[in-house]
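One structure is given below, encoded as structure tokens.
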Amino acid sequence: MDIGESLRMAVKTLTANKLRSTLTMLGIIIGNASVIAMVGIGEGAQSFVAEEIESLGPNLLFVIPGNQETQRSTFNVPKTLVLEDAEAIATQVSSVREVAPEFNDRGPVIYRNRNANATIIGTTPGFLTVRSFELDSGRFFTDLDMQRSTQVVVLGHKLAARLFRETDPIGQQVRVDGVSFQVIGVLQEKGSGLGGVDYDESVLMPLITMSRRLTGQTSPYGIELTYIVASIDNEQNMGAAQFQIENLLRLRHKISGEDDFTVRSQKELLEFTGTITGALTAMLAAIAGISLLVGGIGIMNIMLVSVRERTQEIGLRKAIGASGQDILVQFMIEAVILSAVGGVIGTLIGVGGSVMIGQVTPFQPGISVSAIVTSVCVSGGIGLFFGVVPARQAAKLDPIVALRSA
């Protein structure tokens, strides 16, 4: 019997009992859909994080308090950076174009009877240049605002819309954590940034004003910072600037042993986040892949039942000349068809699910052709692997014994 005839008989047999064939494919369908969706979500999240880091601005170095060990061991990283560190970096590292120190906190922002719990950011006038932000209206605070510790704020795009709606926010008074401030500007829409801060839902004010009027985040060494962002004049100087900043801070902090800060470039952050999201994607895909394994076992189980039910058919075919090889090929084809068709249906569901996830999340799941082809091939391979046992069992049946037992 040729392959074409075996394929025709396999299709006829499977379509004769559509419900059982569908239920047999269910495990493969769920497994494939899960793998496609998980891989898509992982790739989408990786692209989203990369775009967010790149959108922070060009040629940036991030100076973060604490060393790698303290950052891994606790979320309460000691604030070892102060405003004077940022000023020293700006004045003593020649390739630094601008610095933007930040201190982040959270608190209520109130305008009349409207309020929001927003991120409060204390920073310097260099913030706009370093972070590539632009103003939607009004102005940003100046060095004079810093020196005089004026009570002025710049609002994120969404926060301004939520508090003021149709009213022009420029010149209005808001209460930030119980203290009155004048709104002098509104940022253009930007989105999340370093550490997951949503700048569109934030309120920015002069760093010195924030320290004196709100948080009092001072230490014996100066005004404490959450981190420092330094803009370097060109990409070729990134390595040298990182080396100089590290040496400068070691001198300033009188460090003889382990550093109490970490300097990271955008490239290192991209590699770091890529490693994390890649590991998460692999883990989720592996968990989803277990469904494929379960689906394969289900196919083997149903095929074994099918061999017992079709004992008479197998005996008759062997009695009229079919070889064991013909029986084996037919059962193998049936197993592969079940898993391959289940794989295709699962892939379509996974692609559809990924598109739906993209509609409700801020990132677009990546659906690569290679992932689809691999998933379908793996599901077909699973059918081939788990179809061997029932196919061999059917092929070895003695025709006389099969006819007697039928």
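Identifiers in the structure tokens: chain A, B, ... in order shown; residue index from 1 per chain; ligand index from 1 in order shown.
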DSSP-assigned alpha helix (DSSP H) among region 192-312 of chain A, expressed as an MDAnalysis selection string: chainID A and resid 207:209 238:252 266:309 311:312
Skip Val174 (chain A) itself and residues of its chain fewer than 2 positions away, then list as a PDB file with N, CA and C atoms, in the first residue's frame all residues within 10 Å of it, counting only C-alpha atoms.
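New file result23.pdb:
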```pdb
ATOM      1  N   VAL A 109      -1.613  64.695  45.270  1.00  0.00           N
ATOM      2  CA  VAL A 109      -1.610  65.987  44.583  1.00  0.00           C
ATOM      3  C   VAL A 109      -3.073  66.409  44.446  1.00  0.00           C
ATOM      4  N   ILE A 110      -3.401  67.596  44.971  1.00  0.00           N
ATOM      5  CA  ILE A 110      -4.806  68.012  45.054  1.00  0.00           C
ATOM      6  C   ILE A 110      -5.009  69.349  44.354  1.00  0.00           C
ATOM      7  N   TYR A 111      -6.040  69.405  43.529  1.00  0.00           N
ATOM      8  CA  TYR A 111      -6.505  70.675  42.946  1.00  0.00           C
ATOM      9  C   TYR A 111      -8.011  70.759  43.225  1.00  0.00           C
ATOM     10  N   ARG A 112      -8.413  71.716  44.070  1.00  0.00           N
ATOM     11  CA  ARG A 112      -9.802  71.856  44.504  1.00  0.00           C
ATOM     12  C   ARG A 112     -10.295  70.517  45.059  1.00  0.00           C
ATOM     13  N   ARG A 114     -10.378  67.677  43.377  1.00  0.00           N
ATOM     14  CA  ARG A 114      -9.816  66.551  42.613  1.00  0.00           C
ATOM     15  C   ARG A 114      -8.445  66.207  43.181  1.00  0.00           C
ATOM     16  N   ASN A 115      -8.161  64.948  43.295  1.00  0.00           N
ATOM     17  CA  ASN A 115      -6.859  64.550  43.831  1.00  0.00           C
ATOM     18  C   ASN A 115      -6.367  63.285  43.140  1.00  0.00           C
ATOM     19  N   VAL A 152       7.330  75.797  42.919  1.00  0.00           N
ATOM     20  CA  VAL A 152       6.741  75.639  41.593  1.00  0.00           C
ATOM     21  C   VAL A 152       6.830  74.169  41.186  1.00  0.00           C
ATOM     22  N   VAL A 153       5.890  73.739  40.353  1.00  0.00           N
ATOM     23  CA  VAL A 153       5.890  72.349  39.881  1.00  0.00           C
ATOM     24  C   VAL A 153       5.569  72.306  38.398  1.00  0.00           C
ATOM     25  N   LEU A 163      -6.403  66.355  36.749  1.00  0.00           N
ATOM     26  CA  LEU A 163      -6.707  67.342  37.782  1.00  0.00           C
ATOM     27  C   LEU A 163      -7.448  68.554  37.224  1.00  0.00           C
ATOM     28  N   PRO A 169      -3.901  74.637  33.353  1.00  0.00           N
ATOM     29  CA  PRO A 169      -3.231  74.461  34.651  1.00  0.00           C
ATOM     30  C   PRO A 169      -2.158  75.510  34.947  1.00  0.00           C
ATOM     31  N   GLY A 171      -0.273  78.500  36.107  1.00  0.00           N
ATOM     32  CA  GLY A 171      -0.584  79.569  37.051  1.00  0.00           C
ATOM     33  C   GLY A 171      -1.498  79.135  38.179  1.00  0.00           C
ATOM     34  N   GLN A 172      -2.073  77.937  38.080  1.00  0.00           N
ATOM     35  CA  GLN A 172      -2.965  77.445  39.131  1.00  0.00           C
ATOM     36  C   GLN A 172      -2.148  76.917  40.330  1.00  0.00           C
ATOM     37  N   VAL A 176       0.676  69.656  47.040  1.00  0.00           N
ATOM     38  CA  VAL A 176       1.444  68.426  46.911  1.00  0.00           C
ATOM     39  C   VAL A 176       1.854  67.984  48.314  1.00  0.00           C
ATOM     40  N   ASP A 177       1.294  66.866  48.732  1.00  0.00           N
ATOM     41  CA  ASP A 177       1.567  66.344  50.073  1.00  0.00           C
ATOM     42  C   ASP A 177       1.311  67.412  51.148  1.00  0.00           C
ATOM     43  N   GLY A 178       0.260  68.215  50.927  1.00  0.00           N
ATOM     44  CA  GLY A 178      -0.145  69.211  51.917  1.00  0.00           C
ATOM     45  C   GLY A 178       0.497  70.570  51.769  1.00  0.00           C
ATOM     46  N   VAL A 179       1.416  70.740  50.803  1.00  0.00           N
ATOM     47  CA  VAL A 179       2.116  72.017  50.615  1.00  0.00           C
ATOM     48  C   VAL A 179       1.662  72.630  49.290  1.00  0.00           C
ATOM     49  N   SER A 180       1.436  73.958  49.283  1.00  0.00           N
ATOM     50  CA  SER A 180       0.932  74.629  48.097  1.00  0.00           C
ATOM     51  C   SER A 180       2.067  74.940  47.107  1.00  0.00           C
ATOM     52  N   PHE A 181       1.822  74.640  45.811  1.00  0.00           N
ATOM     53  CA  PHE A 181       2.793  74.908  44.740  1.00  0.00           C
ATOM     54  C   PHE A 181       2.058  75.536  43.562  1.00  0.00           C
ATOM     55  N   GLN A 182       2.787  76.350  42.802  1.00  0.00           N
ATOM     56  CA  GLN A 182       2.228  76.928  41.585  1.00  0.00           C
ATOM     57  C   GLN A 182       2.645  76.083  40.383  1.00  0.00           C
ATOM     58  N   VAL A 183       1.686  75.781  39.521  1.00  0.00           N
ATOM     59  CA  VAL A 183       1.972  75.020  38.301  1.00  0.00           C
ATOM     60  C   VAL A 183       2.553  75.968  37.262  1.00  0.00           C
TER      61      VAL A 183
END
```
Neighbour list for Leu7 (chain A) as a list in words, cut-off 12 Å, only C-alpha atoms, skip fewer than 5 positions in-chain: Met1, Asp2, Lys12, Thr13, Leu14, Asp326, Ile327, Val329, Gln330, Phe331, Met332, Ile333, Glu334, Ala335, Val336 and Ile337 of chain A
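CA of Gln173 (chain A) lies 15.3 Å from CA of Arg139 (chain A).
With only C-alpha atoms as the atoms that count, the minimum distance from Gln364 (chain A) to the choices A:Val130, A:Ala282, A:Val351, A:Leu19 is reached by A:Val351.
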All strand (DSSP E or B) residues (DSSP, backbone) inside region 245-362 of chain A, as a list in words: Phe261, Thr262, Val263, Arg264 and Ser265 of chain A
Residues within 10 Å of Ser291 (chain A), only C-alpha atoms, excluding chain neighbours under 2 positions, as a list in words: Leu26, Gly27, Ile28, Ile29, Ile30, Gly31, Asn32, Ala33, Ser34, Val35, Ala286, Ile287, Ala288, Gly289, Leu293, Val294, Gly295, Gly296 and Ile297 of chain A
Residues near region 42-49 of chain A, cut-off 8 Å, only C-alpha atoms, skip fewer than 2 positions along chain, as a list in words: Met38, Val39, Gly40, Glu51, Glu52, Ile53, Leu270, Thr273, Gly274, Thr277, Gly278, Leu280, Thr281, Phe363, Gln364, Pro365, Gly366 and Ile367 of chain A
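Minimum atom-to-atom distance to Glu271 (chain A), evaluated using only C-alpha atoms, belongs to A:Ala50 out of A:Arg252, A:Ala50, A:Glu309, A:Ser132.
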Surrounding residues of Leu248 (chain A) excluding itself and chain neighbours under 3 positions, 12 Å, only C-alpha atoms, as a PyMOL selection string: chain A and resi 63+84-93+241-245+251-255+259+261+263
Would you export the selected residues with N, CA and C atoms as an mmCIF file, in the first residue's frame, please?
```cif
data_model
loop_
_atom_site.group_PDB
_atom_site.id
_atom_site.type_symbol
_atom_site.label_atom_id
_atom_site.label_comp_id
_atom_site.auth_asym_id
_atom_site.auth_seq_id
_atom_site.Cartn_x
_atom_site.Cartn_y
_atom_site.Cartn_z
ATOM 1 N N VAL A 63 23.767 56.323 37.408
ATOM 2 C CA VAL A 63 24.501 56.102 38.656
ATOM 3 C C VAL A 63 23.467 55.762 39.725
ATOM 4 N N GLU A 84 25.673 66.789 45.732
ATOM 5 C CA GLU A 84 27.048 67.217 45.457
ATOM 6 C C GLU A 84 27.771 66.215 44.551
ATOM 7 N N ASP A 85 27.399 64.934 44.617
ATOM 8 C CA ASP A 85 27.989 63.945 43.704
ATOM 9 C C ASP A 85 27.622 64.285 42.258
ATOM 10 N N ALA A 86 26.342 64.632 42.050
ATOM 11 C CA ALA A 86 25.900 64.986 40.691
ATOM 12 C C ALA A 86 26.619 66.242 40.201
ATOM 13 N N GLU A 87 26.766 67.225 41.080
ATOM 14 C CA GLU A 87 27.452 68.458 40.683
ATOM 15 C C GLU A 87 28.920 68.193 40.360
ATOM 16 N N ALA A 88 29.557 67.291 41.111
ATOM 17 C CA ALA A 88 30.956 66.946 40.833
ATOM 18 C C ALA A 88 31.085 66.234 39.497
ATOM 19 N N ILE A 89 30.148 65.338 39.202
ATOM 20 C CA ILE A 89 30.181 64.645 37.902
ATOM 21 C C ILE A 89 30.030 65.645 36.766
ATOM 22 N N ALA A 90 29.125 66.608 36.931
ATOM 23 C CA ALA A 90 28.879 67.590 35.871
ATOM 24 C C ALA A 90 30.089 68.482 35.623
ATOM 25 N N THR A 91 30.833 68.805 36.659
ATOM 26 C CA THR A 91 31.928 69.774 36.515
ATOM 27 C C THR A 91 33.295 69.128 36.302
ATOM 28 N N GLN A 92 33.471 67.879 36.753
ATOM 29 C CA GLN A 92 34.808 67.291 36.725
ATOM 30 C C GLN A 92 34.992 66.194 35.677
ATOM 31 N N VAL A 93 33.921 65.720 35.074
ATOM 32 C CA VAL A 93 34.065 64.724 33.997
ATOM 33 C C VAL A 93 33.800 65.449 32.689
ATOM 34 N N ALA A 241 33.921 57.804 30.146
ATOM 35 C CA ALA A 241 33.121 58.572 31.107
ATOM 36 C C ALA A 241 32.699 57.694 32.285
ATOM 37 N N GLN A 242 32.318 56.465 32.013
ATOM 38 C CA GLN A 242 31.926 55.553 33.094
ATOM 39 C C GLN A 242 33.106 55.310 34.043
ATOM 40 N N PHE A 243 34.280 55.106 33.465
ATOM 41 C CA PHE A 243 35.487 54.884 34.278
ATOM 42 C C PHE A 243 35.788 56.115 35.142
ATOM 43 N N GLN A 244 35.689 57.316 34.544
ATOM 44 C CA GLN A 244 35.982 58.547 35.293
ATOM 45 C C GLN A 244 34.960 58.800 36.399
ATOM 46 N N ILE A 245 33.689 58.525 36.114
ATOM 47 C CA ILE A 245 32.650 58.734 37.143
ATOM 48 C C ILE A 245 32.865 57.786 38.316
ATOM 49 N N LEU A 251 36.669 58.452 45.045
ATOM 50 C CA LEU A 251 37.444 59.476 45.763
ATOM 51 C C LEU A 251 36.544 60.273 46.702
ATOM 52 N N ARG A 252 35.387 60.690 46.204
ATOM 53 C CA ARG A 252 34.478 61.496 47.017
ATOM 54 C C ARG A 252 33.951 60.720 48.225
ATOM 55 N N HIS A 253 33.678 59.416 48.025
ATOM 56 C CA HIS A 253 33.122 58.599 49.120
ATOM 57 C C HIS A 253 34.223 57.941 49.963
ATOM 58 N N LYS A 254 35.480 58.218 49.600
ATOM 59 C CA LYS A 254 36.631 57.637 50.316
ATOM 60 C C LYS A 254 36.509 56.126 50.411
ATOM 61 N N ILE A 255 36.273 55.516 49.273
ATOM 62 C CA ILE A 255 36.073 54.061 49.224
ATOM 63 C C ILE A 255 37.415 53.368 49.007
ATOM 64 N N ASP A 259 32.486 49.209 46.252
ATOM 65 C CA ASP A 259 31.771 50.440 45.918
ATOM 66 C C ASP A 259 30.400 50.490 46.595
ATOM 67 N N PHE A 261 28.023 52.301 45.146
ATOM 68 C CA PHE A 261 27.229 52.800 44.013
ATOM 69 C C PHE A 261 27.478 51.875 42.821
ATOM 70 N N VAL A 263 27.431 52.095 38.413
ATOM 71 C CA VAL A 263 27.267 52.890 37.192
ATOM 72 C C VAL A 263 26.933 51.939 36.045
#
```
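You can rank A:Asp200, A:Glu258, A:Asp136, A:Glu313 by their closest distance to Ile120 (chain A) using only C-alpha atoms, and at the top of that list sits A:Asp200.
CA of Gly350 (chain A) is positioned 5.0 Å from CA of Ala37 (chain A).
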